[in-house]
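To be precise, the following lines are query33.csv, and they hold CSV, C-alpha atoms and all ligand atoms.
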chain,number,residue,atom,x,y,z
O,1480,MET,CA,14.1,-11.7,31.6
O,1481,GLU,CA,14.0,-14.1,34.6
O,1482,LYS,CA,16.4,-13.5,37.4
O,1483,LEU,CA,18.9,-16.4,37.7
O,1484,ILE,CA,20.8,-15.0,40.6
O,1485,ASP,CA,19.1,-12.9,43.2
O,1486,ILE,CA,21.1,-11.6,46.1
O,1487,ARG,CA,19.1,-9.7,48.7
O,1488,GLY,CA,20.0,-7.7,51.8
O,1489,VAL,CA,23.3,-9.6,52.3
O,1490,ARG,CA,25.5,-8.7,55.3
O,1491,HIS,CA,28.7,-10.4,56.2
O,1492,THR,CA,31.5,-9.9,58.7
O,1493,PHE,CA,34.8,-11.7,58.7
O,1494,ARG,CA,36.2,-12.7,62.1
O,1495,THR,CA,39.9,-12.0,61.7
O,1496,ARG,CA,42.8,-12.4,64.3
O,1497,THR,CA,42.7,-8.6,64.8
O,1498,GLY,CA,38.9,-8.4,65.3
O,1499,LEU,CA,35.7,-8.2,63.3
O,1500,LEU,CA,35.8,-7.0,59.7
O,1501,PRO,CA,32.4,-6.0,58.3
O,1502,VAL,CA,32.7,-6.5,54.6
O,1503,LEU,CA,29.1,-6.6,53.1
O,1504,ASP,CA,26.4,-4.4,54.5
O,1505,GLY,CA,23.3,-4.4,52.3
O,1506,LEU,CA,24.1,-6.1,49.0
O,1507,ASP,CA,21.4,-6.4,46.4
O,1508,VAL,CA,22.5,-7.9,43.1
O,1509,ALA,CA,20.3,-9.4,40.4
O,1510,VAL,CA,21.7,-11.3,37.4
O,1511,ASP,CA,19.2,-12.2,34.7
O,1512,GLU,CA,19.3,-15.7,33.1
O,1513,GLY,CA,21.6,-15.4,30.1
O,1514,GLY,CA,22.7,-11.9,31.2
O,1515,PHE,CA,26.1,-10.6,32.0
O,1516,THR,CA,26.5,-8.4,35.1
O,1517,ALA,CA,29.7,-6.5,35.9
O,1518,VAL,CA,30.5,-5.5,39.5
O,1519,VAL,CA,32.8,-2.6,40.1
O,1520,GLY,CA,33.8,-0.8,43.3
O,1521,PRO,CA,36.8,0.5,45.3
O,1522,SER,CA,39.7,-1.8,46.0
O,1523,GLY,CA,39.0,-4.2,48.9
O,1524,CYS,CA,35.3,-3.4,49.1
O,1525,GLY,CA,34.1,-7.0,48.9
O,1526,LYS,CA,33.8,-7.9,45.2
O,1527,SER,CA,35.6,-11.2,45.4
O,1528,THR,CA,33.6,-12.0,48.5
O,1529,LEU,CA,30.5,-11.6,46.4
O,1530,THR,CA,31.7,-14.2,43.9
O,1531,ARG,CA,32.2,-16.7,46.8
O,1532,LEU,CA,28.6,-16.1,47.8
O,1533,ILE,CA,27.4,-17.0,44.3
O,1534,ALA,CA,29.6,-20.1,44.2
O,1535,GLY,CA,28.2,-21.2,47.6
O,1536,LEU,CA,31.7,-21.1,49.1
O,1537,LEU,CA,30.5,-18.6,51.7
O,1538,ILE,CA,27.2,-18.4,53.5
O,1539,PRO,CA,26.3,-14.8,54.6
O,1540,ASP,CA,25.5,-13.8,58.1
O,1541,GLU,CA,22.3,-12.2,56.9
O,1542,GLY,CA,20.3,-12.0,53.8
O,1543,GLU,CA,19.7,-14.4,50.9
O,1544,VAL,CA,21.5,-15.7,47.9
O,1545,ASN,CA,19.0,-17.5,45.6
O,1546,VAL,CA,19.8,-19.2,42.3
O,1547,HIS,CA,16.7,-20.3,40.3
O,1548,GLY,CA,14.6,-19.2,43.3
O,1549,GLU,CA,16.5,-21.7,45.6
O,1550,ARG,CA,18.5,-20.6,48.5
O,1551,ILE,CA,22.2,-21.4,48.3
O,1552,THR,CA,23.3,-23.4,51.3
O,1553,GLY,CA,26.7,-24.9,50.1
O,1554,PRO,CA,29.2,-25.2,47.3
O,1555,ARG,CA,27.7,-25.5,43.8
O,1556,SER,CA,29.3,-27.5,41.0
O,1557,ASN,CA,27.5,-25.8,38.1
O,1558,VAL,CA,29.6,-22.7,38.4
O,1559,GLY,CA,32.7,-22.0,36.4
O,1560,MET,CA,35.4,-19.6,37.6
O,1561,ALA,CA,38.3,-17.8,36.0
O,1562,PHE,CA,40.7,-15.5,37.9
O,1563,GLN,CA,43.4,-13.0,37.2
O,1564,ASN,CA,46.0,-15.7,37.7
O,1565,PRO,CA,45.0,-18.6,35.4
O,1566,VAL,CA,46.9,-21.2,37.5
O,1567,LEU,CA,47.3,-23.9,34.9
O,1568,LEU,CA,49.2,-27.1,35.9
O,1569,GLU,CA,52.6,-27.2,34.2
O,1570,TRP,CA,52.8,-31.0,34.2
O,1571,ARG,CA,49.6,-31.3,32.1
O,1572,THR,CA,49.1,-30.3,28.5
O,1573,ILE,CA,46.7,-27.4,27.7
O,1574,LEU,CA,44.0,-29.9,26.6
O,1575,ARG,CA,44.4,-31.9,29.9
O,1576,ASN,CA,44.2,-28.6,31.9
O,1577,VAL,CA,41.0,-27.8,30.2
O,1578,LEU,CA,39.6,-31.3,30.9
O,1579,LEU,CA,40.5,-31.1,34.6
O,1580,PRO,CA,37.1,-30.0,36.1
O,1581,LEU,CA,35.5,-33.1,34.5
O,1582,GLU,CA,37.7,-35.2,36.8
O,1583,ILE,CA,36.1,-33.4,39.8
O,1584,VAL,CA,32.6,-32.6,38.7
O,1585,PRO,CA,30.5,-35.6,37.7
O,1586,THR,CA,29.6,-35.7,34.0
O,1587,LYS,CA,27.6,-38.0,31.8
O,1588,LEU,CA,29.6,-37.0,28.7
O,1589,PRO,CA,31.7,-40.0,27.4
O,1590,ARG,CA,35.4,-39.5,27.4
O,1591,LYS,CA,35.7,-39.0,23.6
O,1592,GLU,CA,33.0,-36.3,23.7
O,1593,GLN,CA,34.7,-34.6,26.6
O,1594,GLU,CA,37.9,-34.3,24.6
O,1595,ALA,CA,36.0,-33.1,21.5
O,1596,ARG,CA,34.3,-30.4,23.6
O,1597,ALA,CA,37.6,-29.3,25.0
O,1598,ARG,CA,39.1,-29.1,21.5
O,1599,ARG,CA,36.0,-27.1,20.2
O,1600,LEU,CA,36.4,-24.6,23.1
O,1601,LEU,CA,40.1,-24.2,22.5
O,1602,SER,CA,39.4,-23.6,18.8
O,1603,LEU,CA,36.7,-21.0,19.7
O,1604,VAL,CA,39.2,-19.0,21.7
O,1605,GLY,CA,41.9,-19.2,19.0
O,1606,LEU,CA,44.0,-21.9,20.6
O,1607,GLU,CA,43.7,-24.6,17.9
O,1608,GLY,CA,47.1,-26.2,17.5
O,1609,PHE,CA,48.2,-25.5,21.1
O,1610,GLU,CA,46.3,-28.5,22.7
O,1611,ASP,CA,49.5,-30.4,23.3
O,1612,LYS,CA,51.6,-27.5,24.6
O,1613,ARG,CA,52.5,-27.0,28.2
O,1614,PRO,CA,51.3,-23.8,29.9
O,1615,SER,CA,54.8,-22.2,30.0
O,1616,GLU,CA,54.9,-22.4,26.2
O,1617,LEU,CA,51.9,-20.0,26.0
O,1618,SER,CA,51.8,-16.2,26.4
O,1619,GLY,CA,49.8,-14.7,29.3
O,1620,GLY,CA,46.8,-13.9,27.1
O,1621,MET,CA,46.8,-17.5,25.7
O,1622,ARG,CA,47.0,-18.9,29.2
O,1623,GLN,CA,44.0,-16.8,30.1
O,1624,ARG,CA,42.1,-18.1,27.0
O,1625,ALA,CA,42.9,-21.7,28.2
O,1626,SER,CA,41.6,-20.9,31.7
O,1627,LEU,CA,38.4,-19.6,30.1
O,1628,CYS,CA,37.9,-22.9,28.3
O,1629,ARG,CA,38.6,-24.8,31.6
O,1630,ALA,CA,35.9,-22.7,33.3
O,1631,LEU,CA,33.4,-23.5,30.6
O,1632,ILE,CA,34.2,-27.2,30.0
O,1633,HIS,CA,31.4,-28.5,32.3
O,1634,GLN,CA,28.8,-26.2,30.8
O,1635,PRO,CA,28.3,-24.2,34.0
O,1636,GLU,CA,25.1,-22.4,34.5
O,1637,VAL,CA,27.0,-19.4,35.8
O,1638,LEU,CA,30.5,-18.2,34.7
O,1639,ILE,CA,32.3,-16.0,37.3
O,1640,LEU,CA,35.1,-14.0,36.0
O,1641,ASP,CA,37.2,-12.3,38.7
O,1642,GLU,CA,39.4,-9.7,37.0
O,1643,PRO,CA,40.5,-12.3,34.4
O,1644,PHE,CA,42.0,-9.7,32.1
O,1645,GLY,CA,43.6,-7.5,34.8
O,1646,ALA,CA,47.2,-8.6,34.3
O,1647,LEU,CA,47.2,-8.4,30.5
O,1648,ASP,CA,48.4,-5.6,28.3
O,1649,ALA,CA,45.7,-3.3,26.7
O,1650,PHE,CA,45.8,-4.8,23.2
O,1651,THR,CA,45.6,-8.4,24.5
O,1652,ARG,CA,42.8,-7.4,26.9
O,1653,GLU,CA,40.7,-5.8,24.1
O,1654,ASP,CA,41.3,-8.9,21.9
O,1655,LEU,CA,40.0,-11.1,24.8
O,1656,TRP,CA,36.9,-8.9,25.2
O,1657,GLN,CA,36.0,-9.6,21.6
O,1658,THR,CA,36.7,-13.3,22.1
O,1659,MET,CA,34.3,-13.2,25.1
O,1660,HIS,CA,31.5,-11.9,23.0
O,1661,GLU,CA,32.0,-14.7,20.5
O,1662,VAL,CA,32.2,-17.3,23.3
O,1663,LYS,CA,29.0,-16.0,24.8
O,1664,ARG,CA,27.3,-16.2,21.4
O,1665,GLN,CA,28.3,-19.8,20.9
O,1666,GLU,CA,28.3,-21.1,24.4
O,1667,PRO,CA,25.5,-19.2,26.2
O,1668,PHE,CA,26.1,-18.7,30.0
O,1669,THR,CA,25.0,-16.3,32.7
O,1670,GLY,CA,28.0,-14.2,33.6
O,1671,VAL,CA,29.3,-12.2,36.6
O,1672,LEU,CA,32.4,-10.1,35.9
O,1673,ILE,CA,34.5,-8.5,38.6
O,1674,THR,CA,36.6,-5.7,37.2
O,1675,HIS,CA,38.4,-2.4,37.8
O,1676,ASP,CA,38.1,-1.5,34.2
O,1677,LEU,CA,34.9,0.5,33.4
O,1678,ARG,CA,35.4,0.2,29.6
O,1679,GLU,CA,35.5,-3.5,30.1
O,1680,ALA,CA,32.4,-3.4,32.2
O,1681,ILE,CA,30.3,-1.5,29.6
O,1682,PHE,CA,31.7,-3.5,26.7
O,1683,LEU,CA,31.0,-6.9,28.1
O,1684,ALA,CA,28.1,-6.5,30.5
O,1685,ASP,CA,24.4,-5.6,30.1
O,1686,ARG,CA,24.3,-4.4,33.7
O,1687,VAL,CA,26.9,-2.7,35.9
O,1688,VAL,CA,26.6,-2.8,39.6
O,1689,VAL,CA,28.7,-0.2,41.6
O,1690,LEU,CA,29.5,-1.2,45.2
O,1691,SER,CA,30.2,1.4,47.9
O,1692,GLY,CA,33.4,1.4,49.9
O,1693,ARG,CA,33.7,-1.3,52.6
O,1694,PRO,CA,31.4,-2.5,54.1
O,1695,ALA,CA,29.9,-2.7,50.7
O,1696,ARG,CA,26.3,-2.0,49.8
O,1697,THR,CA,24.9,-1.8,46.3
O,1698,GLN,CA,25.3,1.9,45.5
O,1699,TYR,CA,24.2,2.2,41.9
O,1700,VAL,CA,23.0,0.0,39.0
O,1701,LEU,CA,23.4,0.9,35.4
O,1702,GLU,CA,21.5,-1.0,32.7
O,1703,VAL,CA,23.6,-0.9,29.6
O,1704,PRO,CA,21.5,-0.6,26.4
O,1705,ASP,CA,21.6,-3.6,24.1
O,1706,THR,CA,23.6,-2.5,21.1
O,1707,GLY,CA,23.7,-5.9,19.5
O,1708,PRO,CA,27.1,-7.4,18.5
O,1709,ARG,CA,29.6,-4.8,19.8
O,1710,ASP,CA,32.9,-3.9,18.3
O,1711,LEU,CA,35.6,-1.8,20.0
O,1712,ASP,CA,34.4,1.3,18.1
O,1713,HIS,CA,31.4,1.3,20.3
O,1714,LEU,CA,33.6,2.4,23.2
O,1715,TYR,CA,34.4,5.6,21.4
O,1716,THR,CA,30.8,6.7,20.9
O,1717,ALA,CA,29.2,9.7,22.8
O,1718,GLU,CA,26.8,7.2,24.5
O,1719,ALA,CA,29.7,5.1,25.8
O,1720,ALA,CA,31.6,8.3,27.0
O,1721,GLU,CA,28.5,9.3,29.0
O,1722,MET,CA,28.1,5.9,30.6
O,1723,LEU,CA,31.8,5.9,31.5
O,1724,ASN,CA,31.6,9.4,33.1
O,1725,LEU,CA,28.6,8.4,35.1
O,1726,LEU,CA,30.3,5.3,36.4
O,1727,ARG,CA,33.5,7.1,37.1
O,1728,HIS,CA,31.5,9.6,39.2
O,1729,GLN,CA,29.9,6.8,41.1
O,1730,ILE,CA,33.3,5.2,41.9
O,1731,GLU,CA,34.5,8.6,43.2
O,1732,ILE,CA,31.4,8.7,45.5
O,1733,ALA,CA,32.2,5.1,46.6
O,1734,GLN,CA,35.8,6.1,47.3
O,1735,GLY,CA,34.6,9.1,49.3
O,1736,ARG,CA,36.3,11.5,46.9
O,1737,ALA,CA,33.0,13.0,45.7
O,1738,PRO,CA,29.8,13.7,47.8
O,1739,ALA,CA,26.8,11.6,47.1
O,1740,GLU,CA,24.3,13.9,45.4
O,1741,THR,CA,20.5,13.9,45.5
O,1742,SER,CA,18.9,12.2,42.6
O,1743,ALA,CA,17.9,15.6,41.2
O,1744,GLU,CA,21.7,16.6,40.9
O,1745,ALA,CA,22.9,13.2,39.6
O,1746,PRO,CA,23.9,13.1,35.9
O,1747,ALA,CA,21.3,11.4,33.8
O,1748,PRO,CA,22.2,8.2,32.0
O,1749,PRO,CA,22.5,8.4,28.2
O,1750,PRO,CA,19.3,7.6,26.2
O,1751,GLY,CA,18.6,3.9,26.3
O,1752,ALA,CA,20.6,3.3,29.5
O,1753,ALA,CA,18.7,3.2,32.8
O,1754,ALA,CA,20.2,3.9,36.2
O,1755,ARG,CA,19.1,3.2,39.7
O,1756,GLY,CA,20.7,4.8,42.7
O,1757,MET,CA,20.2,2.6,45.8
O,1758,HIS,CA,19.5,3.8,49.3
O,1801,LIG,N1,38.3,-15.2,54.6
O,1801,LIG,C1,38.5,-14.0,55.0
O,1801,LIG,N2,38.9,-13.7,56.3
O,1801,LIG,C2,39.1,-12.5,56.7
O,1801,LIG,N3,39.1,-11.4,55.9
O,1801,LIG,C3,38.8,-11.6,54.6
O,1801,LIG,C4,38.5,-12.9,54.1
O,1801,LIG,N4,38.3,-12.8,52.7
O,1801,LIG,C5,38.4,-11.5,52.4
O,1801,LIG,N5,38.7,-10.8,53.5
O,1801,LIG,C6,38.9,-9.3,53.6
O,1801,LIG,O1,37.7,-8.7,53.2
O,1801,LIG,C7,37.9,-7.5,52.4
O,1801,LIG,C8,37.2,-7.7,51.1
O,1801,LIG,O2,37.9,-8.6,50.3
O,1801,LIG,P1,37.6,-8.9,48.8
O,1801,LIG,O3,38.7,-9.8,48.2
O,1801,LIG,O4,36.2,-9.4,48.7
O,1801,LIG,O5,37.7,-7.5,48.1
O,1801,LIG,P2,37.8,-7.0,46.6
O,1801,LIG,O6,36.8,-5.9,46.4
O,1801,LIG,O7,37.6,-8.2,45.7
O,1801,LIG,O8,39.3,-6.5,46.6
O,1801,LIG,P3,40.2,-6.0,45.3
O,1801,LIG,O9,39.4,-5.0,44.6
O,1801,LIG,O10,41.4,-5.5,46.0
O,1801,LIG,O11,40.4,-7.3,44.5
O,1801,LIG,C9,39.4,-7.4,52.4
O,1801,LIG,O12,39.8,-6.5,53.4
O,1801,LIG,C10,40.0,-8.8,52.7
O,1801,LIG,O13,41.2,-8.7,53.3

Turn the structure described in the file into structure tokens.
Amino acid sequence: MEKLIDIRGVRHTFRTRTGLLPVLDGLDVAVDEGGFTAVVGPSGCGKSTLTRLIAGLLIPDEGEVNVHGERITGPRSNVGMAFQNPVLLEWRTILRNVLLPLEIVPTKLPRKEQEARARRLLSLVGLEGFEDKRPSELSGGMRQRASLCRALIHQPEVLILDEPFGALDAFTREDLWQTMHEVKRQEPFTGVLITHDLREAIFLADRVVVLSGRPARTQYVLEVPDTGPRDLDHLYTAEAAEMLNLLRHQIEIAQGRAPAETSAEAPAPPPGAAARGMH
């Protein structure tokens, strides 16, 4: 598969009031076209900073961020983003919240078709019948579904999900994982998911990138085998348990709670999954 996003050797330091804060120190992340890459790592290591690089909202001190082989030099409009807090506007209906990006990003889609697309997306995530409600009339999970539609309305090339399910209860979260699979099937996109939930990472993504503690470098990459359409039972297989153990171990190394082992000592990935330790 062709690489859509190719981040190479990225280093970045923030200049804060209290001094310099090195945040990224050797970031290499590849996202295949149509693929879904999850990024996990210790709290505060620089995961959200990585999403800002992809959206062109931050230009790194060193290294390259390429999309379709072209170097990113400024903000990009063909990116959709959804965050932990959906931030919907209370004075607009759900439908008009979903349509909001089209008032900012130029589109050739006639008004009627824009609305039809918004309604189609809302129906795809199970919000048919809620188009005219206000955000406060929806549950947290429903608001997150609406925010997903808003992120997809302009058919972005890249969908960035920054812990979108983090604040939801376990059942709602699992429901949304399944919705995500269906959305990706019907509305293909290239995805980057930031998460603290390793089960979420292996359920949704085809590649999991583990970042080290700050300043973050790419510590480990796990290629999740393609199991076709996944249901939640997949998370209870021996193969999933092995992948979760392996990732948990890598997070412990990233947190400095376990020593980094030589590749000969490292646990092998389950059959079908490939792993790469970096550096
Ligand atoms: N614009 C900025 N100026 C100064 N410091 C920043 C800026 N943006 C982020 N930081 C700092 O950089 C570090 C990494 O932040 P970032 O949000 O990327 O981490 P994260 O891995 O997403 O965190 P978490 O897991 O807690 O969500 C943090 O210490 C944060 O305070």

Protein and nucleic residues near ligand LIG 1801 (chain O), 7 Å, only C-alpha atoms and all ligand atoms, as a ChimeraX atom specification: /O:1493-1495,1500,1502,1520-1529

Using all atoms listed in the file, collect all residues at a distance of at most 9 Å from (13.2, -18.6, 43.3) as written in the file, then present them as a PDB file with C-alpha atoms, in the coordinates of the input.
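In the end it all went to part_28.pdb:
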ATOM      1  CA  LYS O1482      16.400 -13.500  37.400  1.00  0.00           C
ATOM      2  CA  LEU O1483      18.900 -16.400  37.700  1.00  0.00           C
ATOM      3  CA  ILE O1484      20.800 -15.000  40.600  1.00  0.00           C
ATOM      4  CA  ASP O1485      19.100 -12.900  43.200  1.00  0.00           C
ATOM      5  CA  ASN O1545      19.000 -17.500  45.600  1.00  0.00           C
ATOM      6  CA  VAL O1546      19.800 -19.200  42.300  1.00  0.00           C
ATOM      7  CA  HIS O1547      16.700 -20.300  40.300  1.00  0.00           C
ATOM      8  CA  GLY O1548      14.600 -19.200  43.300  1.00  0.00           C
ATOM      9  CA  GLU O1549      16.500 -21.700  45.600  1.00  0.00           C
ATOM     10  CA  ARG O1550      18.500 -20.600  48.500  1.00  0.00           C
TER      11      ARG O1550
END

Thr1669 (chain O) environment, 9 Å, all atoms listed in the file, sequence neighbours closer than 4 positions dropped, as a list of chain:residue names: O:Leu1483, O:Val1510, O:Asp1511, O:Glu1512, O:Gly1513, O:Gly1514, O:Phe1515, O:Thr1516, O:Pro1635, O:Glu1636, O:Val1637, O:Leu1638, O:Ile1639, O:Lys1663

For C-alpha atoms, I'd like the residues from the last selection saved as a CSV table (one decimal), in the coordinates of the input.
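again_29.csv, written as the output of this step:
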chain,number,residue,atom,x,y,z
O,1483,LEU,CA,18.9,-16.4,37.7
O,1510,VAL,CA,21.7,-11.3,37.4
O,1511,ASP,CA,19.2,-12.2,34.7
O,1512,GLU,CA,19.3,-15.7,33.1
O,1513,GLY,CA,21.6,-15.4,30.1
O,1514,GLY,CA,22.7,-11.9,31.2
O,1515,PHE,CA,26.1,-10.6,32.0
O,1516,THR,CA,26.5,-8.4,35.1
O,1635,PRO,CA,28.3,-24.2,34.0
O,1636,GLU,CA,25.1,-22.4,34.5
O,1637,VAL,CA,27.0,-19.4,35.8
O,1638,LEU,CA,30.5,-18.2,34.7
O,1639,ILE,CA,32.3,-16.0,37.3
O,1663,LYS,CA,29.0,-16.0,24.8

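The spacing separating CA of Arg1599 (chain O) from CA of Asp1611 (chain O) amounts to 14.2 Å.
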
Atomic separation - CA of Pro1554 (chain O) relative to CA of Leu1536 (chain O), Å: 5.1 Å

Surrounding residues of Cys1628 (chain O) excluding itself and chain neighbours under 3 positions, 8 Å, only C-alpha atoms, as JSON, numbers by chain: {"O": [1577, 1597, 1600, 1601, 1604, 1624, 1625, 1631, 1632]}

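Computed from the coordinates, the CA of Thr1572 (chain O) to CA of Val1584 (chain O) distance equals 19.5 Å.
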
What are the centre and the three edge lengths of an axis-aligned box that wraps all atoms of region 1695-1706 of chain O in the file, given that 4 Å is added to every side, written as JSON and rounded to one decimal in Å?
{"center_x": 25.7, "center_y": -0.7, "center_z": 35.9, "size_x": 16.4, "size_y": 13.8, "size_z": 37.6}

Of the listed residues O:Ile1486, O:Gly1535, O:Ala1695, O:Thr1658, that which approaches Leu1503 (chain O) most closely, counting only C-alpha atoms: O:Ala1695

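Using only C-alpha atoms, the smallest distance between any of O:Arg1709, O:Gly1505, O:Leu1714, O:Gly1645 and Ser1691 (chain O) comes from O:Gly1505.
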
Residues within 12 Å of Leu1581 (chain O), only C-alpha atoms, excluding chain neighbours under 2 positions, as a ChimeraX atom specification: /O:1556-1557,1559,1575-1579,1583-1590,1592-1594,1596-1597,1629-1635

Contacts of Leu1640 (chain O) within 12 Å, only C-alpha atoms, excl. fewer than 2 positions in-chain, as a PyMOL selection string: chain O and resi 1515-1518+1526-1527+1529-1531+1533-1534+1558-1565+1623+1626-1627+1630-1631+1637-1638+1642-1645+1659+1668-1674+1680+1683-1684

Selection as JSON, numbers by chain: residues within 10 Å of (30.8, 3.4, 34.2), counting all atoms listed in the file: {"O": [1519, 1676, 1677, 1678, 1679, 1680, 1681, 1687, 1688, 1689, 1700, 1701, 1703, 1719, 1720, 1721, 1722, 1723, 1724, 1725, 1726, 1727, 1728, 1729, 1730]}

Those selected residues, please, written with C-alpha atoms and delivered as a PDB file, keeping the file's coordinate frame.
ATOM      1  CA  VAL O1519      32.800  -2.600  40.100  1.00  0.00           C
ATOM      2  CA  ASP O1676      38.100  -1.500  34.200  1.00  0.00           C
ATOM      3  CA  LEU O1677      34.900   0.500  33.400  1.00  0.00           C
ATOM      4  CA  ARG O1678      35.400   0.200  29.600  1.00  0.00           C
ATOM      5  CA  GLU O1679      35.500  -3.500  30.100  1.00  0.00           C
ATOM      6  CA  ALA O1680      32.400  -3.400  32.200  1.00  0.00           C
ATOM      7  CA  ILE O1681      30.300  -1.500  29.600  1.00  0.00           C
ATOM      8  CA  VAL O1687      26.900  -2.700  35.900  1.00  0.00           C
ATOM      9  CA  VAL O1688      26.600  -2.800  39.600  1.00  0.00           C
ATOM     10  CA  VAL O1689      28.700  -0.200  41.600  1.00  0.00           C
ATOM     11  CA  VAL O1700      23.000   0.000  39.000  1.00  0.00           C
ATOM     12  CA  LEU O1701      23.400   0.900  35.400  1.00  0.00           C
ATOM     13  CA  VAL O1703      23.600  -0.900  29.600  1.00  0.00           C
ATOM     14  CA  ALA O1719      29.700   5.100  25.800  1.00  0.00           C
ATOM     15  CA  ALA O1720      31.600   8.300  27.000  1.00  0.00           C
ATOM     16  CA  GLU O1721      28.500   9.300  29.000  1.00  0.00           C
ATOM     17  CA  MET O1722      28.100   5.900  30.600  1.00  0.00           C
ATOM     18  CA  LEU O1723      31.800   5.900  31.500  1.00  0.00           C
ATOM     19  CA  ASN O1724      31.600   9.400  33.100  1.00  0.00           C
ATOM     20  CA  LEU O1725      28.600   8.400  35.100  1.00  0.00           C
ATOM     21  CA  LEU O1726      30.300   5.300  36.400  1.00  0.00           C
ATOM     22  CA  ARG O1727      33.500   7.100  37.100  1.00  0.00           C
ATOM     23  CA  HIS O1728      31.500   9.600  39.200  1.00  0.00           C
ATOM     24  CA  GLN O1729      29.900   6.800  41.100  1.00  0.00           C
ATOM     25  CA  ILE O1730      33.300   5.200  41.900  1.00  0.00           C
TER      26      ILE O1730
END

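Among the candidates O:Ser1618, O:Phe1609, O:Arg1571, O:Leu1506, the one nearest to Gly1692 (chain O) when counting only C-alpha atoms is O:Leu1506.
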
Would you mind putting N, CA and C atoms back on region 1710-1725 of chain O and writing the result as a short mmCIF file (atom, residue, chain, number, x, y, z; two decimals), keeping the file's coordinate frame?
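Just written: selection.cif:
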data_model
loop_
_atom_site.label_atom_id
_atom_site.label_comp_id
_atom_site.auth_asym_id
_atom_site.auth_seq_id
_atom_site.Cartn_x
_atom_site.Cartn_y
_atom_site.Cartn_z
N ASP O 1710 31.48 -3.91 18.64
CA ASP O 1710 32.90 -3.90 18.30
C ASP O 1710 33.54 -2.78 19.12
N LEU O 1711 34.86 -2.72 19.07
CA LEU O 1711 35.60 -1.80 20.00
C LEU O 1711 35.21 -0.33 19.66
N ASP O 1712 34.78 -0.05 18.42
CA ASP O 1712 34.40 1.30 18.10
C ASP O 1712 33.29 1.83 18.99
N HIS O 1713 32.49 0.90 19.48
CA HIS O 1713 31.40 1.30 20.30
C HIS O 1713 31.87 2.07 21.57
N LEU O 1714 33.10 1.74 22.01
CA LEU O 1714 33.60 2.40 23.20
C LEU O 1714 33.99 3.86 22.96
N TYR O 1715 34.01 4.26 21.69
CA TYR O 1715 34.40 5.60 21.40
C TYR O 1715 33.18 6.49 20.97
N THR O 1716 31.97 5.97 21.22
CA THR O 1716 30.80 6.70 20.90
C THR O 1716 30.45 7.68 22.06
N ALA O 1717 29.62 8.70 21.77
CA ALA O 1717 29.20 9.70 22.80
C ALA O 1717 28.45 8.95 23.91
N GLU O 1718 27.66 7.97 23.51
CA GLU O 1718 26.80 7.20 24.50
C GLU O 1718 27.74 6.49 25.48
N ALA O 1719 28.81 5.86 24.96
CA ALA O 1719 29.70 5.10 25.80
C ALA O 1719 30.46 6.12 26.76
N ALA O 1720 30.86 7.28 26.21
CA ALA O 1720 31.60 8.30 27.00
C ALA O 1720 30.67 8.74 28.18
N GLU O 1721 29.38 8.93 27.91
CA GLU O 1721 28.50 9.30 29.00
C GLU O 1721 28.34 8.28 30.06
N MET O 1722 28.25 7.02 29.63
CA MET O 1722 28.10 5.90 30.60
C MET O 1722 29.41 5.86 31.47
N LEU O 1723 30.57 6.01 30.81
CA LEU O 1723 31.80 5.90 31.50
C LEU O 1723 31.96 7.07 32.55
N ASN O 1724 31.54 8.28 32.15
CA ASN O 1724 31.60 9.40 33.10
C ASN O 1724 30.72 9.19 34.28
N LEU O 1725 29.54 8.67 34.00
CA LEU O 1725 28.60 8.40 35.10
C LEU O 1725 29.16 7.38 36.07
#
